[in-house]
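The structure appears right after this line, and notes come after that.
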Amino acid sequence: MLRVEIVANHSVEENVLEALKDHQAGKFYTLYPNVMGVGTSGPRMGDAVWPEENFALVVWCEEEEARAIVRAVEDVKKRFPDEGIKVFGVD
């Protein structure tokens with residue numbers, strides 16, 4: 001099994017969930033609604049200086065489903081290239 005993590009700006013949360021549904025992937029997941037940190041897209045700290053926040057979605061799945069999740073995230077990234085959308089996989 002693989003652990004697949006998606007971390008993205010709240011502004012695309014619904015788009016990510018829709019894309020997963022369209023790709024029939026990520027049916028079972030854990031959602032962390034308020035995630036803060038600093039990545040290549042800049043700080044997301046939920047404060048007065050850096051007001052934006054991210055969400056994180058974690059899915060444990062087989063390799064085939066992980067590939068479908070990556071395709072779904074790629075679709076969203078094409079539509080919103082500046083929103084800071086990342087996908088990570090761990091064995």
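Quick note on naming: the chains in the structure tokens go A, B, ... in the order shown, residues restart at 1 in each chain, and ligands are numbered from 1 in order of appearance.
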Stretch 32-37 of chain A surroundings by only C-alpha atoms, 8 Å radius, close-in-sequence under 5 positions cut, as a ChimeraX atom specification = /A:43-46,53-57
Pull the alpha helix (DSSP H) assignments for chain A out of DSSP run on the backbone, and list those residues as a PDB file with N, CA and C atoms, in the first residue's frame.
ATOM      1  N   GLU A  13      -9.925  23.265  -3.044  1.00  0.00           N
ATOM      2  CA  GLU A  13     -10.327  22.033  -2.344  1.00  0.00           C
ATOM      3  C   GLU A  13     -11.464  21.304  -3.068  1.00  0.00           C
ATOM      4  N   GLU A  14     -12.520  22.024  -3.410  1.00  0.00           N
ATOM      5  CA  GLU A  14     -13.648  21.392  -4.110  1.00  0.00           C
ATOM      6  C   GLU A  14     -13.229  20.866  -5.467  1.00  0.00           C
ATOM      7  N   ASN A  15     -12.351  21.587  -6.148  1.00  0.00           N
ATOM      8  CA  ASN A  15     -11.872  21.138  -7.454  1.00  0.00           C
ATOM      9  C   ASN A  15     -11.092  19.833  -7.337  1.00  0.00           C
ATOM     10  N   VAL A  16     -10.270  19.715  -6.306  1.00  0.00           N
ATOM     11  CA  VAL A  16      -9.511  18.491  -6.087  1.00  0.00           C
ATOM     12  C   VAL A  16     -10.457  17.331  -5.801  1.00  0.00           C
ATOM     13  N   LEU A  17     -11.427  17.541  -4.925  1.00  0.00           N
ATOM     14  CA  LEU A  17     -12.364  16.473  -4.591  1.00  0.00           C
ATOM     15  C   LEU A  17     -13.183  16.044  -5.813  1.00  0.00           C
ATOM     16  N   GLU A  18     -13.580  17.001  -6.639  1.00  0.00           N
ATOM     17  CA  GLU A  18     -14.315  16.676  -7.871  1.00  0.00           C
ATOM     18  C   GLU A  18     -13.441  15.887  -8.844  1.00  0.00           C
ATOM     19  N   ALA A  19     -12.179  16.293  -8.979  1.00  0.00           N
ATOM     20  CA  ALA A  19     -11.272  15.601  -9.890  1.00  0.00           C
ATOM     21  C   ALA A  19     -11.029  14.166  -9.425  1.00  0.00           C
ATOM     22  N   LEU A  20     -10.902  13.973  -8.115  1.00  0.00           N
ATOM     23  CA  LEU A  20     -10.737  12.619  -7.599  1.00  0.00           C
ATOM     24  C   LEU A  20     -11.955  11.764  -7.934  1.00  0.00           C
ATOM     25  N   LYS A  21     -13.125  12.349  -7.767  1.00  0.00           N
ATOM     26  CA  LYS A  21     -14.358  11.631  -8.092  1.00  0.00           C
ATOM     27  C   LYS A  21     -14.405  11.292  -9.582  1.00  0.00           C
ATOM     28  N   ASP A  22     -14.044  12.258 -10.426  1.00  0.00           N
ATOM     29  CA  ASP A  22     -14.035  12.035 -11.874  1.00  0.00           C
ATOM     30  C   ASP A  22     -13.086  10.903 -12.273  1.00  0.00           C
ATOM     31  N   GLU A  63      -1.155   0.932  -5.911  1.00  0.00           N
ATOM     32  CA  GLU A  63      -0.423   1.732  -6.902  1.00  0.00           C
ATOM     33  C   GLU A  63      -1.317   2.249  -8.028  1.00  0.00           C
ATOM     34  N   GLU A  64      -2.231   1.440  -8.507  1.00  0.00           N
ATOM     35  CA  GLU A  64      -3.115   1.852  -9.606  1.00  0.00           C
ATOM     36  C   GLU A  64      -3.956   3.066  -9.198  1.00  0.00           C
ATOM     37  N   GLU A  65      -4.503   3.025  -7.984  1.00  0.00           N
ATOM     38  CA  GLU A  65      -5.295   4.163  -7.508  1.00  0.00           C
ATOM     39  C   GLU A  65      -4.402   5.380  -7.286  1.00  0.00           C
ATOM     40  N   ALA A  66      -3.186   5.165  -6.820  1.00  0.00           N
ATOM     41  CA  ALA A  66      -2.253   6.283  -6.616  1.00  0.00           C
ATOM     42  C   ALA A  66      -1.983   7.000  -7.937  1.00  0.00           C
ATOM     43  N   ARG A  67      -1.831   6.237  -9.000  1.00  0.00           N
ATOM     44  CA  ARG A  67      -1.616   6.852 -10.320  1.00  0.00           C
ATOM     45  C   ARG A  67      -2.836   7.673 -10.760  1.00  0.00           C
ATOM     46  N   ALA A  68      -4.030   7.179 -10.462  1.00  0.00           N
ATOM     47  CA  ALA A  68      -5.250   7.924 -10.795  1.00  0.00           C
ATOM     48  C   ALA A  68      -5.332   9.214  -9.976  1.00  0.00           C
ATOM     49  N   ILE A  69      -4.891   9.159  -8.725  1.00  0.00           N
ATOM     50  CA  ILE A  69      -4.869  10.369  -7.888  1.00  0.00           C
ATOM     51  C   ILE A  69      -3.920  11.394  -8.482  1.00  0.00           C
ATOM     52  N   VAL A  70      -2.749  10.950  -8.905  1.00  0.00           N
ATOM     53  CA  VAL A  70      -1.780  11.866  -9.523  1.00  0.00           C
ATOM     54  C   VAL A  70      -2.375  12.497 -10.777  1.00  0.00           C
ATOM     55  N   ARG A  71      -3.052  11.709 -11.605  1.00  0.00           N
ATOM     56  CA  ARG A  71      -3.682  12.267 -12.812  1.00  0.00           C
ATOM     57  C   ARG A  71      -4.747  13.306 -12.446  1.00  0.00           C
ATOM     58  N   ALA A  72      -5.524  13.021 -11.408  1.00  0.00           N
ATOM     59  CA  ALA A  72      -6.560  13.968 -10.970  1.00  0.00           C
ATOM     60  C   ALA A  72      -5.929  15.280 -10.516  1.00  0.00           C
ATOM     61  N   VAL A  73      -4.867  15.185  -9.738  1.00  0.00           N
ATOM     62  CA  VAL A  73      -4.188  16.394  -9.260  1.00  0.00           C
ATOM     63  C   VAL A  73      -3.565  17.154 -10.430  1.00  0.00           C
ATOM     64  N   GLU A  74      -3.006  16.445 -11.383  1.00  0.00           N
ATOM     65  CA  GLU A  74      -2.439  17.106 -12.569  1.00  0.00           C
ATOM     66  C   GLU A  74      -3.511  17.888 -13.320  1.00  0.00           C
ATOM     67  N   ASP A  75      -4.711  17.336 -13.417  1.00  0.00           N
ATOM     68  CA  ASP A  75      -5.814  18.044 -14.075  1.00  0.00           C
ATOM     69  C   ASP A  75      -6.123  19.365 -13.364  1.00  0.00           C
ATOM     70  N   VAL A  76      -6.152  19.322 -12.039  1.00  0.00           N
ATOM     71  CA  VAL A  76      -6.450  20.545 -11.275  1.00  0.00           C
ATOM     72  C   VAL A  76      -5.300  21.544 -11.405  1.00  0.00           C
ATOM     73  N   LYS A  77      -4.071  21.057 -11.370  1.00  0.00           N
ATOM     74  CA  LYS A  77      -2.911  21.954 -11.502  1.00  0.00           C
ATOM     75  C   LYS A  77      -2.905  22.676 -12.853  1.00  0.00           C
ATOM     76  N   LYS A  78      -3.371  22.014 -13.898  1.00  0.00           N
ATOM     77  CA  LYS A  78      -3.442  22.653 -15.219  1.00  0.00           C
ATOM     78  C   LYS A  78      -4.428  23.816 -15.206  1.00  0.00           C
ATOM     79  N   ARG A  79      -5.530  23.648 -14.471  1.00  0.00           N
ATOM     80  CA  ARG A  79      -6.557  24.692 -14.403  1.00  0.00           C
ATOM     81  C   ARG A  79      -6.161  25.833 -13.469  1.00  0.00           C
TER      82      ARG A  79
END
May I ask which of the residues A:Leu31, A:Ala48, A:Pro81, A:Glu62 is the closest one to A:Val7, counting only C-alpha atoms?
->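 Among A:Leu31, A:Ala48, A:Pro81, A:Glu62, it is A:Leu31 that comes nearest to A:Val7.
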Strand (DSSP E) positions in stretch 23-90 of chain A, given as a PyMOL selection string | chain A and resi 30-35+37-39+42-44+54-61+85-90
Of the candidates A:His10, A:Lys86, A:Gln24, A:Thr40, which shows the shortest atom-to-atom distance to A:Glu52, using only C-alpha atoms?
->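 Among A:His10, A:Lys86, A:Gln24, A:Thr40, it is A:His10 that comes nearest to A:Glu52.
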Who sits within 8 Å of A:Glu5, only C-alpha atoms, same chain under 4 positions skipped, as a PDB file with C-alpha atoms, in the first residue's frame:
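As a result, selection.pdb now contains:
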ATOM      1  CA  ALA A  56      -4.201  18.174   3.275  1.00  0.00           C
ATOM      2  CA  LEU A  57      -5.833  14.996   2.072  1.00  0.00           C
ATOM      3  CA  VAL A  58      -4.311  11.575   2.838  1.00  0.00           C
ATOM      4  CA  VAL A  59      -5.230   8.357   1.019  1.00  0.00           C
ATOM      5  CA  VAL A  87       0.956  15.486  -4.366  1.00  0.00           C
ATOM      6  CA  PHE A  88       3.379  13.178  -2.553  1.00  0.00           C
ATOM      7  CA  GLY A  89       3.601   9.402  -2.318  1.00  0.00           C
TER       8      GLY A  89
END
For A:Trp60, which residue among A:Val12, A:His23, A:Glu83, A:Tyr29 is the nearest when counting only C-alpha atoms?
->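 Counting only C-alpha atoms, the residue closest to A:Trp60 is A:Tyr29.
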Length of the atom CA of A:Val90 to atom CA of A:Gly42 vector [Å] | 23.5 Å
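Of note, atom CA of A:Gly84 and atom CA of A:Gly39 are spaced 8.2 Å apart.
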